[in-house]
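Presented below is the structure to which this report refers.
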Amino acid sequence: MDYGMDFQGGDGGGYGGGSSQVDPPSSQGKTRRPYDEQTLTPLTIRMVRRSHPDTAGGDGSLVLQDGRKLAFVKIVGAVRSVEDHSTNVVYNIEDGTGLIEVKQWLDDNECTALQELRQETLKEHVYLKIVGQIKDYEGNKI
């Protein structure tokens with residue numbers, strides 16, 4: 001699907017009519033996914049469990065049973081347990097269809113507001129909305 005928003009270079013869009021004077025930063029040889037593959041897909045944990053690795057991509061991405069590739073996902077569920085480590089926080093999330101382990105990587109440079117918000121989520125029996133990527137790594141969905 002083309003919505004007429006080509007921001008990957010060229011003369012499409014923007015306020016000026018000329019070409020861009022600044023080259024986009026290189027992402028270490030990775031090619032950018034097309035816009036229709038940069039989706040946010042709401043999922044249940046059962047859908048995540050039934051997904052399988054994308055054999056064509058080779059980048060560890062997952063594919064749903066109906067063939068849709070997963071880029072970014074959103075899961076809403078209740079926190080059943082929390083493990084706070086120095087580099088990450090591990091949540092066990094349940095949504096009524098299953099249980100999944102979610103890992104949040106911590107940043108030493110985050111502002112105090114984010115640190116306070118994270119401290120509020122380090123409780124059991126609260127609901128969280130998780131937005132992120134799921135990859136297949138050695139048979140595990142991470």
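In the structure tokens, each chain is lettered A, B, ... as it comes, each chain's residues begin at 1, and ligands are numbered from 1 in order of appearance.
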Every residue of segment 23-139 of chain A that DSSP places in strand (DSSP E or B), as a PyMOL selection string: chain A and resi 40-42+52-53+62-63+69+72-84+88-94+99-105+127-132+136-137
Non-local contacts of Arg118 of chain A (12 Å; only C-alpha atoms; under 2 positions in same chain excluded) as a ChimeraX atom specification: /A:82,84,88-91,104-107,110-116,120-123,128
Generate the output file for the selected residues, C-alpha atoms, as a PDB file, in the first residue's frame.
```
ATOM      1  CA  VAL A  82       8.710  -9.590  38.707  1.00  0.00           C
ATOM      2  CA  ASP A  84      14.488  -6.801  39.112  1.00  0.00           C
ATOM      3  CA  ASN A  88      16.956  -5.679  33.058  1.00  0.00           C
ATOM      4  CA  VAL A  89      13.571  -6.395  34.583  1.00  0.00           C
ATOM      5  CA  VAL A  90      11.854  -9.715  33.862  1.00  0.00           C
ATOM      6  CA  TYR A  91       8.058  -9.805  34.055  1.00  0.00           C
ATOM      7  CA  GLN A 104      12.728  -4.910  29.728  1.00  0.00           C
ATOM      8  CA  TRP A 105      16.304  -3.735  29.197  1.00  0.00           C
ATOM      9  CA  LEU A 106      17.357  -0.845  31.426  1.00  0.00           C
ATOM     10  CA  ASP A 107      19.167   2.309  30.359  1.00  0.00           C
ATOM     11  CA  GLU A 110      17.061   7.416  31.586  1.00  0.00           C
ATOM     12  CA  CYS A 111      15.453  10.366  33.328  1.00  0.00           C
ATOM     13  CA  THR A 112      14.123  10.179  36.883  1.00  0.00           C
ATOM     14  CA  ALA A 113      10.490  10.277  35.691  1.00  0.00           C
ATOM     15  CA  LEU A 114      11.015   7.013  33.775  1.00  0.00           C
ATOM     16  CA  GLN A 115      12.779   5.463  36.752  1.00  0.00           C
ATOM     17  CA  GLU A 116       9.832   6.363  39.005  1.00  0.00           C
ATOM     18  CA  GLU A 120       5.447   1.592  39.952  1.00  0.00           C
ATOM     19  CA  THR A 121       5.368  -1.406  37.581  1.00  0.00           C
ATOM     20  CA  LEU A 122       7.546  -3.587  39.808  1.00  0.00           C
ATOM     21  CA  LYS A 123       4.440  -4.955  41.516  1.00  0.00           C
ATOM     22  CA  LEU A 128       0.642  -3.588  31.851  1.00  0.00           C
TER      23      LEU A 128
END
```
For atom CA of Thr41 of chain A and atom CA of Ser81 of chain A, the interatomic separation in Å (one decimal): 24.6 Å
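You can rank A:His52, A:Arg46, A:Lys103, A:Lys129 by their closest distance to Val76 of chain A using only C-alpha atoms, and at the top of that list sits A:Lys129.
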Close residues, Glu94 of chain A itself excluded, 8 Å, only C-alpha atoms, min 4 positions apart in chain, as number ranges by chain: A: 45, 77-80, 98-100
Write a file of the selected residues as a compact mmCIF listing (two decimals), in the first residue's frame, keeping N, CA and C atoms.
```
# COMPACT_ATOMS: atom_id res chain seq x y z
N ILE A 45 -1.25 -13.77 24.12
CA ILE A 45 -0.07 -14.60 24.37
C ILE A 45 -0.19 -15.92 23.61
N GLY A 77 -1.61 -7.48 29.69
CA GLY A 77 -1.78 -8.60 30.60
C GLY A 77 -1.46 -8.22 32.02
N ALA A 78 -1.72 -9.15 32.92
CA ALA A 78 -1.48 -8.96 34.35
C ALA A 78 -0.10 -9.48 34.71
N VAL A 79 0.59 -8.74 35.57
CA VAL A 79 1.91 -9.14 36.04
C VAL A 79 1.72 -10.21 37.12
N ARG A 80 2.31 -11.37 36.89
CA ARG A 80 2.22 -12.46 37.87
C ARG A 80 3.47 -12.54 38.74
N GLY A 98 -2.57 -17.38 28.18
CA GLY A 98 -1.28 -18.00 28.43
C GLY A 98 -0.39 -17.11 29.27
N LEU A 99 0.82 -17.58 29.51
CA LEU A 99 1.81 -16.88 30.31
C LEU A 99 3.07 -16.71 29.47
N ILE A 100 3.69 -15.53 29.55
CA ILE A 100 4.90 -15.27 28.78
C ILE A 100 5.87 -14.45 29.63
```
